[in-house]
file work.txt (compact mmCIF, N, CA and C atoms)
# COMPACT_ATOMS: atom_id res chain seq x y z
N MET O 212 102.74 -210.62 -48.21
CA MET O 212 102.87 -209.21 -47.92
C MET O 212 104.33 -208.89 -47.70
N THR O 213 104.78 -207.78 -48.33
CA THR O 213 106.16 -207.34 -48.18
C THR O 213 106.22 -205.82 -48.21
N LEU O 214 107.03 -205.26 -47.34
CA LEU O 214 107.19 -203.81 -47.31
C LEU O 214 108.25 -203.32 -48.28
N ALA O 215 108.93 -204.22 -48.96
CA ALA O 215 110.03 -203.86 -49.85
C ALA O 215 109.63 -202.80 -50.88
N PRO O 216 108.49 -202.94 -51.58
CA PRO O 216 108.15 -201.90 -52.57
C PRO O 216 107.96 -200.51 -51.93
N LEU O 217 107.41 -200.48 -50.75
CA LEU O 217 107.20 -199.20 -50.06
C LEU O 217 108.54 -198.63 -49.57
N LEU O 218 109.38 -199.48 -49.04
CA LEU O 218 110.67 -199.03 -48.53
C LEU O 218 111.61 -198.57 -49.64
N SER O 219 111.40 -199.05 -50.86
CA SER O 219 112.24 -198.61 -51.99
C SER O 219 111.61 -197.43 -52.73
N ALA O 220 110.45 -196.99 -52.31
CA ALA O 220 109.79 -195.84 -52.93
C ALA O 220 110.39 -194.54 -52.41
N SER O 221 110.00 -193.44 -53.03
CA SER O 221 110.50 -192.13 -52.61
C SER O 221 110.04 -191.81 -51.18
N LEU O 222 110.73 -190.88 -50.55
CA LEU O 222 110.38 -190.46 -49.19
C LEU O 222 108.95 -189.90 -49.15
N ALA O 223 108.57 -189.17 -50.18
CA ALA O 223 107.21 -188.60 -50.23
C ALA O 223 106.16 -189.71 -50.19
N ILE O 224 106.39 -190.78 -50.92
CA ILE O 224 105.44 -191.90 -50.94
C ILE O 224 105.43 -192.60 -49.58
N GLN O 225 106.58 -192.76 -48.97
CA GLN O 225 106.65 -193.40 -47.65
C GLN O 225 105.91 -192.57 -46.60
N VAL O 226 106.13 -191.26 -46.59
CA VAL O 226 105.44 -190.38 -45.64
C VAL O 226 103.94 -190.42 -45.90
N HIS O 227 103.56 -190.34 -47.17
CA HIS O 227 102.16 -190.35 -47.57
C HIS O 227 101.48 -191.64 -47.10
N ALA O 228 102.09 -192.77 -47.37
CA ALA O 228 101.50 -194.06 -47.00
C ALA O 228 101.42 -194.23 -45.49
N CYS O 229 102.47 -193.86 -44.79
CA CYS O 229 102.48 -194.00 -43.32
C CYS O 229 101.40 -193.12 -42.70
N ALA O 230 101.31 -191.87 -43.15
CA ALA O 230 100.30 -190.96 -42.62
C ALA O 230 98.89 -191.45 -42.96
N ALA O 231 98.69 -191.94 -44.17
CA ALA O 231 97.37 -192.41 -44.59
C ALA O 231 96.94 -193.65 -43.81
N ILE O 232 97.85 -194.59 -43.63
CA ILE O 232 97.52 -195.81 -42.89
C ILE O 232 97.20 -195.49 -41.44
N THR O 233 98.00 -194.61 -40.85
CA THR O 233 97.76 -194.21 -39.45
C THR O 233 96.44 -193.46 -39.33
N ALA O 234 96.18 -192.54 -40.28
CA ALA O 234 94.92 -191.78 -40.27
C ALA O 234 93.73 -192.71 -40.46
N PHE O 235 93.87 -193.73 -41.27
CA PHE O 235 92.79 -194.69 -41.46
C PHE O 235 92.46 -195.40 -40.14
N GLY O 236 93.50 -195.87 -39.45
CA GLY O 236 93.29 -196.54 -38.17
C GLY O 236 92.66 -195.62 -37.13
N LEU O 237 93.19 -194.40 -37.02
CA LEU O 237 92.61 -193.45 -36.06
C LEU O 237 91.20 -193.06 -36.45
N GLY O 238 90.94 -192.98 -37.75
CA GLY O 238 89.60 -192.64 -38.21
C GLY O 238 88.58 -193.69 -37.79
N ILE O 239 88.96 -194.95 -37.86
CA ILE O 239 88.07 -196.01 -37.41
C ILE O 239 87.80 -195.88 -35.91
N VAL O 240 88.86 -195.56 -35.16
CA VAL O 240 88.70 -195.34 -33.72
C VAL O 240 87.73 -194.18 -33.48
N GLN O 241 87.90 -193.10 -34.21
CA GLN O 241 87.03 -191.93 -34.04
C GLN O 241 85.58 -192.25 -34.36
N LEU O 242 85.36 -193.02 -35.39
CA LEU O 242 83.98 -193.36 -35.77
C LEU O 242 83.31 -194.23 -34.71
N ALA O 243 84.09 -195.06 -34.04
CA ALA O 243 83.53 -195.99 -33.06
C ALA O 243 83.45 -195.42 -31.64
N ALA O 244 84.32 -194.48 -31.33
CA ALA O 244 84.43 -193.99 -29.95
C ALA O 244 83.37 -192.93 -29.64
N PRO O 245 83.14 -192.68 -28.35
CA PRO O 245 82.19 -191.63 -27.94
C PRO O 245 82.66 -190.26 -28.46
N LYS O 246 81.70 -189.45 -28.82
CA LYS O 246 81.99 -188.13 -29.40
C LYS O 246 81.93 -187.05 -28.32
N GLY O 247 82.65 -185.95 -28.58
CA GLY O 247 82.60 -184.80 -27.69
C GLY O 247 83.45 -184.91 -26.45
N THR O 248 84.19 -185.98 -26.31
CA THR O 248 85.02 -186.19 -25.12
C THR O 248 86.41 -185.61 -25.36
N LEU O 249 87.18 -185.47 -24.31
CA LEU O 249 88.55 -184.99 -24.44
C LEU O 249 89.38 -185.94 -25.33
N PRO O 250 89.29 -187.27 -25.14
CA PRO O 250 90.03 -188.16 -26.06
C PRO O 250 89.60 -187.98 -27.52
N HIS O 251 88.30 -187.76 -27.76
CA HIS O 251 87.83 -187.56 -29.13
C HIS O 251 88.50 -186.32 -29.74
N ARG O 252 88.59 -185.26 -28.96
CA ARG O 252 89.22 -184.04 -29.46
C ARG O 252 90.71 -184.25 -29.69
N ALA O 253 91.39 -184.92 -28.77
CA ALA O 253 92.83 -185.15 -28.91
C ALA O 253 93.14 -186.03 -30.13
N VAL O 254 92.40 -187.12 -30.25
CA VAL O 254 92.60 -188.00 -31.41
C VAL O 254 92.20 -187.26 -32.68
N GLY O 255 91.17 -186.44 -32.60
CA GLY O 255 90.72 -185.67 -33.76
C GLY O 255 91.79 -184.72 -34.26
N TRP O 256 92.46 -184.01 -33.36
CA TRP O 256 93.53 -183.10 -33.78
C TRP O 256 94.69 -183.88 -34.39
N THR O 257 94.98 -185.06 -33.83
CA THR O 257 96.03 -185.91 -34.41
C THR O 257 95.63 -186.35 -35.81
N TRP O 258 94.35 -186.72 -35.97
CA TRP O 258 93.86 -187.15 -37.28
C TRP O 258 93.94 -186.01 -38.29
N VAL O 259 93.59 -184.81 -37.88
CA VAL O 259 93.68 -183.65 -38.77
C VAL O 259 95.13 -183.43 -39.20
N ALA O 260 96.07 -183.52 -38.26
CA ALA O 260 97.49 -183.36 -38.60
C ALA O 260 97.95 -184.43 -39.58
N LEU O 261 97.50 -185.67 -39.37
CA LEU O 261 97.84 -186.75 -40.29
C LEU O 261 97.25 -186.50 -41.67
N MET O 262 96.01 -186.03 -41.72
CA MET O 262 95.39 -185.75 -43.02
C MET O 262 96.08 -184.59 -43.74
N LEU O 263 96.59 -183.63 -42.98
CA LEU O 263 97.39 -182.57 -43.59
C LEU O 263 98.66 -183.16 -44.20
N ALA O 264 99.30 -184.08 -43.47
CA ALA O 264 100.50 -184.74 -43.99
C ALA O 264 100.18 -185.56 -45.24
N VAL O 265 99.05 -186.26 -45.22
CA VAL O 265 98.64 -187.05 -46.40
C VAL O 265 98.43 -186.12 -47.59
N SER O 266 97.71 -185.04 -47.39
CA SER O 266 97.38 -184.13 -48.49
C SER O 266 98.61 -183.40 -49.02
N ILE O 267 99.42 -182.88 -48.13
CA ILE O 267 100.61 -182.13 -48.56
C ILE O 267 101.61 -183.05 -49.25
N SER O 268 101.82 -184.23 -48.70
CA SER O 268 102.76 -185.16 -49.33
C SER O 268 102.29 -185.60 -50.71
N ALA O 269 100.98 -185.59 -50.94
CA ALA O 269 100.45 -185.98 -52.26
C ALA O 269 100.99 -185.09 -53.37
N PHE O 270 101.28 -183.84 -53.06
CA PHE O 270 101.78 -182.91 -54.08
C PHE O 270 103.21 -183.20 -54.50
N PHE O 271 103.88 -184.10 -53.78
CA PHE O 271 105.24 -184.49 -54.14
C PHE O 271 105.28 -185.86 -54.80
N ILE O 272 104.11 -186.41 -55.08
CA ILE O 272 104.01 -187.72 -55.73
C ILE O 272 103.46 -187.50 -57.14
N HIS O 273 104.22 -187.97 -58.13
CA HIS O 273 103.83 -187.75 -59.52
C HIS O 273 103.92 -189.04 -60.33
N GLU O 274 103.42 -190.12 -59.76
CA GLU O 274 103.47 -191.42 -60.43
C GLU O 274 102.47 -191.50 -61.58
N ILE O 275 101.30 -190.91 -61.40
CA ILE O 275 100.27 -190.88 -62.44
C ILE O 275 100.22 -189.46 -62.97
N ARG O 276 100.48 -189.30 -64.26
CA ARG O 276 100.53 -187.96 -64.86
C ARG O 276 99.47 -187.85 -65.94
N LEU O 277 98.38 -187.14 -65.62
CA LEU O 277 97.33 -186.92 -66.61
C LEU O 277 97.35 -185.50 -67.15
N TRP O 278 97.68 -184.54 -66.28
CA TRP O 278 97.77 -183.13 -66.67
C TRP O 278 99.15 -182.63 -66.26
N GLY O 279 100.13 -182.83 -67.11
CA GLY O 279 101.50 -182.52 -66.72
C GLY O 279 101.89 -183.47 -65.60
N PRO O 280 102.37 -182.93 -64.47
CA PRO O 280 102.74 -183.82 -63.37
C PRO O 280 101.57 -184.18 -62.46
N TRP O 281 100.36 -183.73 -62.78
CA TRP O 281 99.21 -183.86 -61.87
C TRP O 281 98.25 -184.95 -62.29
N SER O 282 97.45 -185.39 -61.33
CA SER O 282 96.45 -186.43 -61.57
C SER O 282 95.19 -186.09 -60.76
N PRO O 283 94.11 -186.84 -60.95
CA PRO O 283 92.89 -186.57 -60.17
C PRO O 283 93.10 -186.66 -58.66
N ILE O 284 94.06 -187.44 -58.21
CA ILE O 284 94.29 -187.57 -56.77
C ILE O 284 94.74 -186.23 -56.20
N HIS O 285 95.38 -185.39 -56.99
CA HIS O 285 95.80 -184.08 -56.52
C HIS O 285 94.58 -183.17 -56.28
N LEU O 286 93.52 -183.37 -57.05
CA LEU O 286 92.28 -182.63 -56.80
C LEU O 286 91.70 -183.03 -55.45
N LEU O 287 91.80 -184.30 -55.12
CA LEU O 287 91.32 -184.78 -53.82
C LEU O 287 92.14 -184.18 -52.69
N ALA O 288 93.43 -184.02 -52.91
CA ALA O 288 94.29 -183.40 -51.89
C ALA O 288 93.88 -181.95 -51.67
N ILE O 289 93.57 -181.23 -52.74
CA ILE O 289 93.10 -179.85 -52.62
C ILE O 289 91.78 -179.81 -51.87
N PHE O 290 90.87 -180.71 -52.23
CA PHE O 290 89.57 -180.79 -51.56
C PHE O 290 89.75 -181.05 -50.06
N THR O 291 90.64 -181.96 -49.71
CA THR O 291 90.88 -182.29 -48.30
C THR O 291 91.45 -181.09 -47.56
N LEU O 292 92.41 -180.41 -48.19
CA LEU O 292 92.99 -179.23 -47.55
C LEU O 292 91.95 -178.12 -47.35
N ALA O 293 90.98 -178.05 -48.24
CA ALA O 293 89.92 -177.05 -48.09
C ALA O 293 88.89 -177.47 -47.04
N MET O 294 88.58 -178.75 -46.98
CA MET O 294 87.53 -179.23 -46.08
C MET O 294 87.97 -179.37 -44.62
N LEU O 295 89.24 -179.66 -44.38
CA LEU O 295 89.69 -179.84 -42.99
C LEU O 295 89.41 -178.62 -42.12
N PRO O 296 89.80 -177.41 -42.54
CA PRO O 296 89.50 -176.26 -41.67
C PRO O 296 88.00 -176.00 -41.53
N ILE O 297 87.24 -176.30 -42.56
CA ILE O 297 85.79 -176.13 -42.47
C ILE O 297 85.21 -177.10 -41.44
N ALA O 298 85.66 -178.35 -41.48
CA ALA O 298 85.18 -179.36 -40.53
C ALA O 298 85.57 -178.99 -39.10
N VAL O 299 86.78 -178.49 -38.92
CA VAL O 299 87.22 -178.06 -37.58
C VAL O 299 86.38 -176.87 -37.12
N MET O 300 86.13 -175.93 -38.03
CA MET O 300 85.31 -174.76 -37.69
C MET O 300 83.92 -175.20 -37.22
N HIS O 301 83.34 -176.17 -37.91
CA HIS O 301 82.03 -176.68 -37.50
C HIS O 301 82.09 -177.25 -36.08
N ALA O 302 83.15 -177.97 -35.76
CA ALA O 302 83.27 -178.54 -34.42
C ALA O 302 83.40 -177.43 -33.39
N ARG O 303 84.21 -176.44 -33.68
CA ARG O 303 84.41 -175.35 -32.73
C ARG O 303 83.14 -174.53 -32.51
N ARG O 304 82.28 -174.50 -33.53
CA ARG O 304 81.00 -173.78 -33.41
C ARG O 304 79.88 -174.69 -32.91
N HIS O 305 80.22 -175.90 -32.57
CA HIS O 305 79.27 -176.91 -32.06
C HIS O 305 78.18 -177.24 -33.09
N ALA O 306 78.52 -177.12 -34.37
CA ALA O 306 77.62 -177.54 -35.45
C ALA O 306 77.93 -179.02 -35.70
N VAL O 307 77.46 -179.86 -34.79
CA VAL O 307 77.85 -181.27 -34.75
C VAL O 307 77.51 -182.00 -36.04
N GLU O 308 76.32 -181.81 -36.56
CA GLU O 308 75.93 -182.54 -37.78
C GLU O 308 76.79 -182.15 -38.97
N HIS O 309 77.09 -180.88 -39.13
CA HIS O 309 77.96 -180.42 -40.23
C HIS O 309 79.38 -180.98 -40.04
N HIS O 310 79.86 -180.95 -38.80
CA HIS O 310 81.18 -181.49 -38.50
C HIS O 310 81.24 -182.99 -38.82
N ARG O 311 80.23 -183.71 -38.38
CA ARG O 311 80.18 -185.15 -38.62
C ARG O 311 80.19 -185.46 -40.11
N ARG O 312 79.33 -184.78 -40.88
CA ARG O 312 79.26 -185.04 -42.32
C ARG O 312 80.58 -184.71 -43.02
N ALA O 313 81.20 -183.60 -42.63
CA ALA O 313 82.47 -183.21 -43.26
C ALA O 313 83.57 -184.22 -42.96
N MET O 314 83.68 -184.62 -41.70
CA MET O 314 84.73 -185.56 -41.33
C MET O 314 84.52 -186.95 -41.95
N ILE O 315 83.28 -187.41 -41.96
CA ILE O 315 83.00 -188.70 -42.59
C ILE O 315 83.27 -188.63 -44.09
N GLY O 316 82.93 -187.51 -44.70
CA GLY O 316 83.21 -187.33 -46.13
C GLY O 316 84.69 -187.36 -46.43
N ILE O 317 85.48 -186.68 -45.61
CA ILE O 317 86.93 -186.70 -45.79
C ILE O 317 87.46 -188.12 -45.57
N PHE O 318 87.00 -188.78 -44.51
CA PHE O 318 87.47 -190.14 -44.22
C PHE O 318 87.20 -191.07 -45.40
N PHE O 319 85.96 -191.10 -45.86
CA PHE O 319 85.63 -192.03 -46.94
C PHE O 319 86.22 -191.62 -48.28
N GLY O 320 86.19 -190.33 -48.58
CA GLY O 320 86.73 -189.88 -49.87
C GLY O 320 88.24 -189.98 -49.95
N ALA O 321 88.91 -189.44 -48.95
CA ALA O 321 90.37 -189.34 -49.01
C ALA O 321 91.09 -190.59 -48.54
N LEU O 322 90.45 -191.41 -47.71
CA LEU O 322 91.14 -192.59 -47.20
C LEU O 322 90.57 -193.89 -47.75
N VAL O 323 89.27 -194.08 -47.68
CA VAL O 323 88.69 -195.35 -48.10
C VAL O 323 88.69 -195.47 -49.63
N ILE O 324 88.08 -194.52 -50.31
CA ILE O 324 87.98 -194.61 -51.78
C ILE O 324 89.35 -194.45 -52.43
N ALA O 325 90.08 -193.41 -52.04
CA ALA O 325 91.42 -193.21 -52.61
C ALA O 325 92.32 -194.39 -52.25
N GLY O 326 92.19 -194.90 -51.03
CA GLY O 326 92.99 -196.04 -50.61
C GLY O 326 92.70 -197.29 -51.43
N ALA O 327 91.44 -197.46 -51.81
CA ALA O 327 91.09 -198.62 -52.64
C ALA O 327 91.80 -198.56 -53.99
N PHE O 328 91.96 -197.36 -54.54
CA PHE O 328 92.65 -197.22 -55.82
C PHE O 328 94.14 -197.55 -55.71
N THR O 329 94.71 -197.45 -54.51
CA THR O 329 96.13 -197.80 -54.37
C THR O 329 96.34 -199.30 -54.45
N LEU O 330 95.27 -200.06 -54.38
CA LEU O 330 95.39 -201.52 -54.44
C LEU O 330 95.25 -202.06 -55.86
N LEU O 331 95.08 -201.16 -56.84
CA LEU O 331 94.99 -201.60 -58.24
C LEU O 331 96.32 -202.18 -58.70
N PRO O 332 96.29 -203.13 -59.65
CA PRO O 332 97.54 -203.71 -60.16
C PRO O 332 98.48 -202.63 -60.69
N GLY O 333 99.76 -202.80 -60.40
CA GLY O 333 100.77 -201.85 -60.84
C GLY O 333 101.07 -200.75 -59.83
N ARG O 334 100.26 -200.64 -58.78
CA ARG O 334 100.49 -199.62 -57.76
C ARG O 334 101.35 -200.20 -56.64
N ILE O 335 102.05 -199.34 -55.92
CA ILE O 335 102.97 -199.79 -54.87
C ILE O 335 102.24 -200.55 -53.78
N MET O 336 101.11 -200.04 -53.33
CA MET O 336 100.40 -200.72 -52.22
C MET O 336 99.84 -202.07 -52.65
N ASN O 337 99.56 -202.23 -53.94
CA ASN O 337 99.16 -203.55 -54.44
C ASN O 337 100.30 -204.53 -54.23
N ALA O 338 101.51 -204.10 -54.57
CA ALA O 338 102.69 -204.97 -54.40
C ALA O 338 102.96 -205.23 -52.91
N VAL O 339 102.70 -204.23 -52.06
CA VAL O 339 102.92 -204.41 -50.61
C VAL O 339 101.95 -205.44 -50.06
N VAL O 340 100.67 -205.27 -50.39
CA VAL O 340 99.62 -206.12 -49.79
C VAL O 340 99.54 -207.49 -50.46
N LEU O 341 99.63 -207.51 -51.78
CA LEU O 341 99.40 -208.77 -52.52
C LEU O 341 100.68 -209.42 -53.01
N GLY O 342 101.81 -208.75 -52.84
CA GLY O 342 103.07 -209.31 -53.31
C GLY O 342 103.32 -208.96 -54.77
N PRO O 343 104.51 -209.31 -55.28
CA PRO O 343 104.87 -208.95 -56.66
C PRO O 343 104.03 -209.66 -57.70
call {"tool": "encode", "arguments": {"input": "work.txt", "output": "structure tokens"}}
result
Amino acid sequence: MTLAPLLSASLAIQVHACAAITAFGLGIVQLAAPKGTLPHRAVGWTWVALMLAVSISAFFIHEIRLWGPWSPIHLLAIFTLAMLPIAVMHARRHAVEHHRRAMIGIFFGALVIAGAFTLLPGRIMNAVVLGP
């Protein structure tokens, strides 16, 4: 494992990776911790801010170009930006089941599944985790 490929990447990629890795860790904490508590809300707001950083920074990354400078991952960023306020709204309205489904969907779609694709050969995170 070496951070060299990530440290030599653009600032957008560094911000994106740092926010995504942190959001992944906090997301695991959120899934395991008691719900509805003050810590859950505080960590939840931090997670939302991190997911905003992940999604916004994605628009400055153009490594995979399928439609001009865009790729399917940019559609996921749009989806995440649309779903975050909806998930927060559900929490504020105490629609717990809707909130839970939305947040778990964002976690698995935007972090777990998308994160798995970053480990494919030729990607920066593949080089970070598995070496050159």
call {"tool": "select_by_dssp", "arguments": {"input": "work.txt", "residues": "range 226-330 of chain O", "states": "alpha helix (DSSP H)", "output": "VMD selection string"}}
result
chain O and resid 226 to 243 249 to 269 283 to 303 307 to 317 325 to 328
call {"tool": "atom_distance", "arguments": {"input": "work.txt", "atom1": "CA of Leu341 in chain O", "atom2": "CA of Ala327 in chain O"}}
result
13.1 Å
call {"tool": "atom_distance", "arguments": {"input": "work.txt", "atom1": "atom C of Phe235 in chain O", "atom2": "atom C of Met336 in chain O"}}
result
16.0 Å
call {"tool": "atom_distance", "arguments": {"input": "work.txt", "atom1": "atom N of Leu286 in chain O", "atom2": "CA of His251 in chain O"}}
result
28.8 Å
call {"tool": "residues_around", "arguments": {"input": "work.txt", "residues": "Ala228 in chain O", "least_positions_apart": "5", "cutoff": "10 Å", "atoms": "only C-alpha atoms", "output": "PyMOL selection string"}}
result
chain O and resi 217+222-223+233-234+264-265+268-269+326+329+335-336
call {"tool": "write_last_selection", "arguments": {"input": "work.txt", "atoms": "N, CA and C atoms", "output": "mmCIF file, keeping the file's coordinate frame"}}
result
data_model
loop_
_atom_site.group_PDB
_atom_site.id
_atom_site.type_symbol
_atom_site.label_atom_id
_atom_site.label_comp_id
_atom_site.auth_asym_id
_atom_site.auth_seq_id
_atom_site.Cartn_x
_atom_site.Cartn_y
_atom_site.Cartn_z
ATOM 1 N N LEU O 217 107.410 -200.480 -50.750
ATOM 2 C CA LEU O 217 107.200 -199.200 -50.060
ATOM 3 C C LEU O 217 108.540 -198.630 -49.570
ATOM 4 N N LEU O 222 110.730 -190.880 -50.550
ATOM 5 C CA LEU O 222 110.380 -190.460 -49.190
ATOM 6 C C LEU O 222 108.950 -189.900 -49.150
ATOM 7 N N ALA O 223 108.570 -189.170 -50.180
ATOM 8 C CA ALA O 223 107.210 -188.600 -50.230
ATOM 9 C C ALA O 223 106.160 -189.710 -50.190
ATOM 10 N N THR O 233 98.000 -194.610 -40.850
ATOM 11 C CA THR O 233 97.760 -194.210 -39.450
ATOM 12 C C THR O 233 96.440 -193.460 -39.330
ATOM 13 N N ALA O 234 96.180 -192.540 -40.280
ATOM 14 C CA ALA O 234 94.920 -191.780 -40.270
ATOM 15 C C ALA O 234 93.730 -192.710 -40.460
ATOM 16 N N ALA O 264 99.300 -184.080 -43.470
ATOM 17 C CA ALA O 264 100.500 -184.740 -43.990
ATOM 18 C C ALA O 264 100.180 -185.560 -45.240
ATOM 19 N N VAL O 265 99.050 -186.260 -45.220
ATOM 20 C CA VAL O 265 98.640 -187.050 -46.400
ATOM 21 C C VAL O 265 98.430 -186.120 -47.590
ATOM 22 N N SER O 268 101.820 -184.230 -48.700
ATOM 23 C CA SER O 268 102.760 -185.160 -49.330
ATOM 24 C C SER O 268 102.290 -185.600 -50.710
ATOM 25 N N ALA O 269 100.980 -185.590 -50.940
ATOM 26 C CA ALA O 269 100.450 -185.980 -52.260
ATOM 27 C C ALA O 269 100.990 -185.090 -53.370
ATOM 28 N N GLY O 326 92.190 -194.900 -51.030
ATOM 29 C CA GLY O 326 92.990 -196.040 -50.610
ATOM 30 C C GLY O 326 92.700 -197.290 -51.430
ATOM 31 N N THR O 329 94.710 -197.450 -54.510
ATOM 32 C CA THR O 329 96.130 -197.800 -54.370
ATOM 33 C C THR O 329 96.340 -199.300 -54.450
ATOM 34 N N ILE O 335 102.050 -199.340 -55.920
ATOM 35 C CA ILE O 335 102.970 -199.790 -54.870
ATOM 36 C C ILE O 335 102.240 -200.550 -53.780
ATOM 37 N N MET O 336 101.110 -200.040 -53.330
ATOM 38 C CA MET O 336 100.400 -200.720 -52.220
ATOM 39 C C MET O 336 99.840 -202.070 -52.650
#
call {"tool": "closest_atom_pairs", "arguments": {"input": "work.txt", "of": "range 215-302 of chain O", "to": "range 308-322 of chain O", "cutoff": "8 Å", "atoms": "only N, CA and C atoms", "output": "tab-separated table"}}
result
residue	atom	partner	partner_atom	distance
O:Ala231	CA	O:Leu322	CA	6.8
O:Ile232	N	O:Leu322	CA	7.9
O:Ala234	C	O:Leu322	CA	7.2
O:Phe235	CA	O:Leu322	CA	6.3
O:Gly238	CA	O:Phe318	CA	6.8
O:Leu287	C	O:Ala321	CA	6.6
O:Ala288	N	O:Ala321	CA	7.3
O:Phe290	C	O:Ile317	CA	7.6
O:Thr291	CA	O:Ile317	CA	6.4
O:Met294	C	O:Ala313	C	6.8
O:Leu295	N	O:Ala313	C	7.4
O:Ile297	C	O:His310	CA	6.6
O:Ala298	CA	O:His310	CA	5.0
O:Val299	N	O:His310	CA	6.4
O:Met300	C	O:His310	CA	7.0
O:His301	CA	O:His310	N	5.0
O:Ala302	N	O:His310	CA	4.9
call {"tool": "residues_near_point", "arguments": {"input": "work.txt", "point": "(82.7, -178.7, -26.8)", "cutoff": "9 Å", "atoms": "only C-alpha atoms", "output": "JSON, numbers by chain"}}
result
{"O": [247, 248, 249, 252, 302, 303, 304, 305]}
call {"tool": "residues_around", "arguments": {"input": "work.txt", "residues": "His273 in chain O", "least_positions_apart": "6", "cutoff": "8 Å", "atoms": "only C-alpha atoms", "output": "ChimeraX atom specification"}}
result
/O:280-282
call {"tool": "decode", "arguments": {"input": "work.txt", "residues": "range 277-293 of chain O", "atoms": "N, CA and C atoms", "output": "CSV table (one decimal), in the first residue's frame"}}
result
chain,number,residue,atom,x,y,z
O,277,LEU,N,-17.0,9.4,-21.0
O,277,LEU,CA,-17.9,8.7,-21.9
O,277,LEU,C,-18.8,9.6,-22.7
O,278,TRP,N,-19.2,10.7,-22.1
O,278,TRP,CA,-20.1,11.7,-22.7
O,278,TRP,C,-19.4,13.1,-22.6
O,279,GLY,N,-18.5,13.4,-23.5
O,279,GLY,CA,-17.7,14.6,-23.3
O,279,GLY,C,-16.8,14.4,-22.1
O,280,PRO,N,-16.8,15.3,-21.1
O,280,PRO,CA,-16.0,15.1,-19.9
O,280,PRO,C,-16.7,14.3,-18.8
O,281,TRP,N,-17.9,13.8,-19.1
O,281,TRP,CA,-18.7,13.1,-18.1
O,281,TRP,C,-18.7,11.6,-18.2
O,282,SER,N,-19.1,11.0,-17.1
O,282,SER,CA,-19.2,9.5,-17.0
O,282,SER,C,-20.4,9.1,-16.1
O,283,PRO,N,-20.7,7.9,-16.1
O,283,PRO,CA,-21.8,7.4,-15.2
O,283,PRO,C,-21.7,7.8,-13.8
O,284,ILE,N,-20.4,8.0,-13.3
O,284,ILE,CA,-20.2,8.3,-11.9
O,284,ILE,C,-20.8,9.7,-11.6
O,285,HIS,N,-20.8,10.6,-12.6
O,285,HIS,CA,-21.4,11.9,-12.4
O,285,HIS,C,-22.9,11.8,-12.3
O,286,LEU,N,-23.6,10.8,-12.9
O,286,LEU,CA,-25.0,10.6,-12.6
O,286,LEU,C,-25.2,10.2,-11.2
O,287,LEU,N,-24.3,9.5,-10.6
O,287,LEU,CA,-24.5,9.1,-9.2
O,287,LEU,C,-24.3,10.3,-8.3
O,288,ALA,N,-23.4,11.2,-8.7
O,288,ALA,CA,-23.2,12.4,-7.9
O,288,ALA,C,-24.5,13.3,-7.9
O,289,ILE,N,-25.1,13.4,-9.1
O,289,ILE,CA,-26.4,14.1,-9.2
O,289,ILE,C,-27.5,13.4,-8.3
O,290,PHE,N,-27.5,12.1,-8.4
O,290,PHE,CA,-28.5,11.3,-7.6
O,290,PHE,C,-28.3,11.6,-6.1
O,291,THR,N,-27.0,11.6,-5.7
O,291,THR,CA,-26.7,11.8,-4.2
O,291,THR,C,-27.1,13.2,-3.8
O,292,LEU,N,-26.8,14.2,-4.7
O,292,LEU,CA,-27.1,15.6,-4.3
O,292,LEU,C,-28.6,15.7,-4.2
O,293,ALA,N,-29.4,15.0,-5.0
O,293,ALA,CA,-30.8,15.0,-4.9
O,293,ALA,C,-31.4,14.3,-3.7
